[in-house]
Amino acid sequence: MNEYFDSERFIEDIPKILPQLSVTFSIVGISIFLGTILGIIVAVLRIKNIPILHQILGIYISFMRGTPLLVQMMIAFYGIPLLIWNLFQININDWSPVVFVDIAFILNEGAFLGEIFRSSILAVDSIQTEAGYSIGMTKTQTFLRIVLPQSIRMILPSYGVDIIGVFQNTSLVFTVGGVLDIMGRAKTIGTATGHTLEAYLVVAFTFVIISLILRFVFYLINEKIRYESKIKVDKRKKHIENL
Amino acid sequence: MAFDLENFLKSLQEAINYLPVTIKLTVVTFVFSLIIGSVIAIIRNYNIPLLSEFFAFFVTVYNGLPLMVALVIYNLLYMNYYSRIASFFHISKAISDISPIYVGYFALIMSSSCIYSETIRGALKSIDKLQYEAGYSIGLNKFQTLRRIIIPQLIPVALPGLTNNLVGTIKGSNLVSAIGILEVMGGAITPCAISYSYLEGYLAAAVVYWGFSAALEFLIKRGEHYGTRYRRSLA
Amino acid sequence: MIEITNLKKSFGKHEVLKDVSLKIKKGEVVTIIGPSGSGKTTFLRCINFLEKADDGKLTIGDISVDLKKTKKKEILNVRRKTAFVFQNYGLFSHKTAIQNVMEGLVVVKKIPRDEAKRIGENVLDWVGLLDKKDYYPSQLSGGQQQRVGIARAVALDPEVILFDEPTSALDPELVGETLDVIKKVAKKGITMVVVTHEMAFAEEVSNKVIFMDGGKVVEEGTPKEIFMRPKEERTKEFLSRFITKDMYYI
């Protein structure tokens, strides 16, 4: 196996591999979007402390946090068709493996984000909720309009870090039934041409560069949020002085 | 198709047989990365010229490289360049005699060191400057202050983050299966090739990983409770 | 004897200390008063190198240091001859009161543990906190923490103890007990430099009062001279905020 690095092959591989980013981003997008919704639901349910449900969710969160993503994806890949067959007698074995990967990612995100959201929602000062009730808002209104926005503000840095983590976790999906993301493509180039090093290096660079870009973007967003809250505080101070 | 308990138990058995591999990978990585990560965090905290900038750059960039990609690349480089490196260091063993696990350790330690250094650095930043000054004011030098005043206060602050990181390392150790090393998951699915009961195999692996990380988290929480007894006021 | 000559310090473009000189005799209690921003805290912190002055000379006992270029060893030597009491107490949060007091004795002065313990307990008793010796800072009130801080400083038997607004962070009820302990320290004959806003305390306890403003020493003299017959306009202006008319006459 001749693995000496050849920069020409490296350049050639780039246009072959990058298009598969669409698969990568679709996984990231779907799992973040649905995972966030799931996370908020999980957080709210946990905060309400409904008996039995609280424990079940606790087990779910513990499981997702304590087991490797690779194992979770495989369990989804082999287990969900089995489950669907037993419940609905439908055979989904020929569905694209990406679906199972998405499901695993969504469940994973739901657990992690659920915990993050739960702590940030609880961290919002109870005086905020009291203020909401005192002007006549319902519980739901208070939650959605007062508490949740403030908790999201608090959570933004962690949320950003989590998103970058999901992006990097897609490096695992190629092991599940040949999902063709950038890693998967690099592997197929390897089996086809016998030269894998350059392809994987393209993948490595892609991950690093996009991660750095994402980090920078979140940094800017965080700074803007902090700046905005400072402006709000200053405005309020001026307002009080002017009274 | 149905869930086969017998095959599940068979896989569970095999998974537990390979638990020592996972434990070794986790513990060795944790210890080395803790040391390296602490050194990096301290260098960056005290702004030591050159080194501090170098590590800031290196950690930021390396954190962008997923462990899986790193493992695969290191493995390729290892297999290809082994003969060259071996003759350079005058090692006479053939590549098949040396376990690829060292590639695994290398990748795990590199990745974990960067991650731990960020956690430790964050905790270090949170310690009031006043504590440093109080140490200097009674005549302690920088090293003494670090060792006797700062680090003892650093540990309870960093512990939750590091516990999280440790669980991450446990899960990271799972990835070495991609370069052919048998750990808990690899062990769990070896019986599956014959019986085709992969679901049972992966579930068994999940159970063992779950138990291991839960046990470790419990132990650390206990230790944390003991170590932070000074922080809780009498009220 | 402590002498500071021509100390200068700037933070970036802002010149905080313009040329400050001070002579302190052994056993003297010197109080530094002045408006915020006058540089008095910065000056105090320069003495034990918590801030590094840009220029000047510092002499403590038999050590003399050129502040323009000080070597690490010199800084350590100075710190070993001085002690500092912080506005925000500065106790080691992970150590009990007795451990806080013992820390400098054992590690810096290399005094054997049992003797250090003996000294520590004596000093804690002296400030009235022997029964709290095994308590952690988080379990003590602000005033108690500050007294432990003072005990820690006294136990080191330094050439001079520097106090940085020792009562400014305390609730009013706790100020009294802390001032009493500081008065005790003064009575003991220990050389002290105290930055404070407590004028009555300054008048009662100090041998010399320094008024600083805008990074310079505006006036210095005995408490009687400064509080009752201030010479400079700025001094009078500053004091008028604290002292009622019948306490000073022009």
# chains A, B, ... in the order shown; residues from 1 in each chain; ligands from 1

$ interface_residues --of "chain A" --to "chain B" --cutoff "7 Å" --atoms "only C-alpha atoms" --output "list in words"
Glu3, Phe63, Gly66, Thr67, Pro68, Val71, Met74, Ile75, Tyr78, Gly79, Leu82, Gln168, Ser171, Leu172, Leu197, Tyr200, Ala204, Phe207, Val208, Ser211 and Leu212 of chain A

$ residues_around --residues "Thr24 in chain A" --least-positions-apart "5" --cutoff "9 Å" --atoms "only C-alpha atoms" --output "count of residues only"
7

$ interface_residues --of "chain C" --to "chain B" --cutoff "9 Å" --atoms "only C-alpha atoms" --output "JSON, numbers by chain"
{"C": [48, 49, 50, 75, 76, 77, 78, 79, 80, 81, 82, 83, 84, 85, 86, 88, 89, 90, 91, 92, 93, 94, 95, 96, 103, 104, 105, 107, 108, 109, 135, 136, 137, 138, 139, 140, 152, 153, 156]}

$ residues_around --residues "range 60-73 of chain C" --least-positions-apart "3" --cutoff "10 Å" --atoms "only C-alpha atoms" --output "JSON, numbers by chain"
{"B": [141], "C": [1, 2, 3, 4, 5, 6, 7, 8, 24, 26, 46, 47, 49, 52, 53, 54, 55, 56, 57, 76, 77, 78, 79, 81, 82, 159, 160]}

$ write_last_selection --atoms "C-alpha atoms" --output "tab-separated table (two decimals), in the first residue's frame"
chain	number	residue	atom	x	y	z
B	141	ASN	CA	6.69	32.94	45.28
C	1	MET	CA	13.06	52.41	59.13
C	2	ILE	CA	11.21	52.52	55.87
C	3	GLU	CA	11.90	55.06	53.21
C	4	ILE	CA	10.34	55.51	49.81
C	5	THR	CA	11.84	58.10	47.49
C	6	ASN	CA	10.51	59.54	44.25
C	7	LEU	CA	8.13	56.73	43.45
C	8	LYS	CA	6.44	57.08	40.08
C	24	ILE	CA	8.52	56.04	58.24
C	26	LYS	CA	10.19	52.26	63.39
C	46	CYS	CA	3.76	49.42	45.18
C	47	ILE	CA	5.48	49.02	48.52
C	49	PHE	CA	5.17	44.98	44.74
C	52	LYS	CA	5.36	47.39	40.06
C	53	ALA	CA	6.38	51.03	40.29
C	54	ASP	CA	8.09	52.60	37.29
C	55	ASP	CA	10.73	54.52	39.18
C	56	GLY	CA	11.98	55.36	42.63
C	57	LYS	CA	13.80	53.83	45.51
C	76	LEU	CA	10.59	38.28	47.41
C	77	ASN	CA	12.88	39.73	50.07
C	78	VAL	CA	10.72	42.82	50.42
C	79	ARG	CA	7.57	40.71	50.60
C	81	LYS	CA	9.66	41.76	55.40
C	82	THR	CA	6.18	43.17	54.88
C	159	GLU	CA	8.99	45.23	59.52
C	160	VAL	CA	5.77	46.94	58.51

$ closest_residue --among "B:Leu162, B:Leu12, B:Val103, B:Thr22" --to "Gly37 in chain B" --atoms "only C-alpha atoms"
B:Leu162

$ residues_around --residues "Met73 in chain A" --least-positions-apart "4" --cutoff "8 Å" --atoms "only C-alpha atoms" --output "PDB file with N, CA, C and O atoms, in the first residue's frame"
ATOM      1  N   LEU A  69     -21.670   7.560  20.941  1.00  0.00           N
ATOM      2  CA  LEU A  69     -22.560   7.868  19.822  1.00  0.00           C
ATOM      3  C   LEU A  69     -22.557   6.764  18.773  1.00  0.00           C
ATOM      4  O   LEU A  69     -23.582   6.427  18.184  1.00  0.00           O
ATOM      5  N   PHE A  77     -29.783   1.864  14.030  1.00  0.00           N
ATOM      6  CA  PHE A  77     -29.750   1.231  12.711  1.00  0.00           C
ATOM      7  C   PHE A  77     -30.355  -0.170  12.725  1.00  0.00           C
ATOM      8  O   PHE A  77     -31.115  -0.555  11.844  1.00  0.00           O
ATOM      9  N   PHE A 100     -31.565   6.681  10.115  1.00  0.00           N
ATOM     10  CA  PHE A 100     -31.266   6.152  11.448  1.00  0.00           C
ATOM     11  C   PHE A 100     -30.205   6.992  12.149  1.00  0.00           C
ATOM     12  O   PHE A 100     -30.252   7.200  13.363  1.00  0.00           O
ATOM     13  N   VAL A 101     -29.248   7.460  11.352  1.00  0.00           N
ATOM     14  CA  VAL A 101     -28.233   8.341  11.907  1.00  0.00           C
ATOM     15  C   VAL A 101     -28.886   9.606  12.446  1.00  0.00           C
ATOM     16  O   VAL A 101     -28.605  10.053  13.556  1.00  0.00           O
ATOM     17  N   ALA A 104     -30.657   8.911  15.718  1.00  0.00           N
ATOM     18  CA  ALA A 104     -29.713   8.787  16.835  1.00  0.00           C
ATOM     19  C   ALA A 104     -29.210  10.159  17.269  1.00  0.00           C
ATOM     20  O   ALA A 104     -29.163  10.485  18.453  1.00  0.00           O
ATOM     21  N   PHE A 105     -28.856  10.995  16.284  1.00  0.00           N
ATOM     22  CA  PHE A 105     -28.355  12.331  16.601  1.00  0.00           C
ATOM     23  C   PHE A 105     -29.415  13.159  17.333  1.00  0.00           C
ATOM     24  O   PHE A 105     -29.122  13.881  18.274  1.00  0.00           O
ATOM     25  N   VAL A 173     -20.421   9.011  11.129  1.00  0.00           N
ATOM     26  CA  VAL A 173     -21.567   8.397  10.469  1.00  0.00           C
ATOM     27  C   VAL A 173     -21.192   7.449   9.339  1.00  0.00           C
ATOM     28  O   VAL A 173     -21.994   6.607   8.940  1.00  0.00           O
ATOM     29  N   VAL A 176     -21.842   3.693   9.604  1.00  0.00           N
ATOM     30  CA  VAL A 176     -23.169   3.085   9.589  1.00  0.00           C
ATOM     31  C   VAL A 176     -23.612   2.840   8.153  1.00  0.00           C
ATOM     32  O   VAL A 176     -23.991   3.759   7.448  1.00  0.00           O
TER      33      VAL A 176
END

$ residues_around --residues "Met102 in chain C" --least-positions-apart "6" --cutoff "8 Å" --atoms "only C-alpha atoms" --output "list of chain:residue names"
C:Ala116, C:Lys117, C:Gly120, C:Arg152

$ write_last_selection --atoms "N, CA, C and O atoms" --output "short mmCIF file (atom, residue, chain, number, x, y, z; two decimals), in the first residue's frame"
data_model
loop_
_atom_site.label_atom_id
_atom_site.label_comp_id
_atom_site.auth_asym_id
_atom_site.auth_seq_id
_atom_site.Cartn_x
_atom_site.Cartn_y
_atom_site.Cartn_z
N ALA C 116 4.70 26.99 64.85
CA ALA C 116 3.83 27.85 64.05
C ALA C 116 2.41 27.79 64.59
O ALA C 116 1.72 28.81 64.68
N LYS C 117 1.98 26.60 64.98
CA LYS C 117 0.63 26.46 65.52
C LYS C 117 0.50 27.26 66.81
O LYS C 117 -0.49 27.96 67.04
N GLY C 120 0.37 30.86 65.93
CA GLY C 120 -0.92 31.13 65.30
C GLY C 120 -2.03 31.23 66.32
O GLY C 120 -2.85 32.16 66.28
N ARG C 152 -3.02 37.09 60.59
CA ARG C 152 -2.06 36.49 59.66
C ARG C 152 -0.89 37.43 59.46
O ARG C 152 0.27 37.02 59.44
#

$ residues_around --residues "Thr188 in chain A" --least-positions-apart "2" --cutoff "12 Å" --atoms "only C-alpha atoms" --output "PyMOL selection string"
chain A and resi 13+16-17+174+178-186+190-196+199-200

$ residues_around --residues "Ser38 in chain C" --least-positions-apart "2" --cutoff "7 Å" --atoms "only C-alpha atoms" --output "PyMOL selection string"
chain C and resi 34-36+40+212-215

$ write_last_selection --atoms "N, CA and C atoms" --output "PDB file, in the first residue's frame"
ATOM      1  N   GLY C  34      -7.251  60.532  51.504  1.00  0.00           N
ATOM      2  CA  GLY C  34      -7.352  61.242  50.230  1.00  0.00           C
ATOM      3  C   GLY C  34      -8.556  60.759  49.447  1.00  0.00           C
ATOM      4  N   PRO C  35      -8.963  61.499  48.420  1.00  0.00           N
ATOM      5  CA  PRO C  35     -10.120  61.102  47.617  1.00  0.00           C
ATOM      6  C   PRO C  35      -9.810  59.862  46.786  1.00  0.00           C
ATOM      7  N   SER C  36     -10.887  59.217  46.275  1.00  0.00           N
ATOM      8  CA  SER C  36     -10.621  58.035  45.435  1.00  0.00           C
ATOM      9  C   SER C  36      -9.957  58.500  44.154  1.00  0.00           C
ATOM     10  N   LYS C  40      -3.626  56.551  46.494  1.00  0.00           N
ATOM     11  CA  LYS C  40      -3.109  56.082  47.779  1.00  0.00           C
ATOM     12  C   LYS C  40      -3.044  54.558  47.854  1.00  0.00           C
ATOM     13  N   MET C 212      -3.095  62.640  50.295  1.00  0.00           N
ATOM     14  CA  MET C 212      -2.703  62.508  48.891  1.00  0.00           C
ATOM     15  C   MET C 212      -3.841  62.915  47.985  1.00  0.00           C
ATOM     16  N   ASP C 213      -3.487  63.527  46.864  1.00  0.00           N
ATOM     17  CA  ASP C 213      -4.496  63.867  45.870  1.00  0.00           C
ATOM     18  C   ASP C 213      -3.787  63.965  44.526  1.00  0.00           C
ATOM     19  N   GLY C 214      -4.439  63.424  43.491  1.00  0.00           N
ATOM     20  CA  GLY C 214      -3.867  63.526  42.158  1.00  0.00           C
ATOM     21  C   GLY C 214      -2.484  62.948  42.039  1.00  0.00           C
ATOM     22  N   GLY C 215      -2.199  61.868  42.776  1.00  0.00           N
ATOM     23  CA  GLY C 215      -0.924  61.180  42.627  1.00  0.00           C
ATOM     24  C   GLY C 215       0.230  61.843  43.345  1.00  0.00           C
TER      25      GLY C 215
END

$ atom_distance --atom1 "CA of Lys23 in chain C" --atom2 "CA of Phe43 in chain C"
13.4 Å

$ atom_distance --atom1 "CA of Ile181 in chain B" --atom2 "CA of Val21 in chain B"
9.2 Å

$ select_by_dssp --residues "range 1-249 of chain C" --states "strand (DSSP E or B)" --output "ChimeraX atom specification"
/C:2-11,14-24,29-33,55-60,63-66,82-86,89,160-164,192-195,208-213,216-221

$ select_by_dssp --residues "range 2-204 of chain A" --states "helix (DSSP H, G or I)" --output "ChimeraX atom specification"
/A:7-48,53-66,69-88,97-123,126-134,139-175,182-193,197-204

$ atom_distance --atom1 "CA of Ser52 in chain B" --atom2 "CA of Cys114 in chain B"
13.4 Å
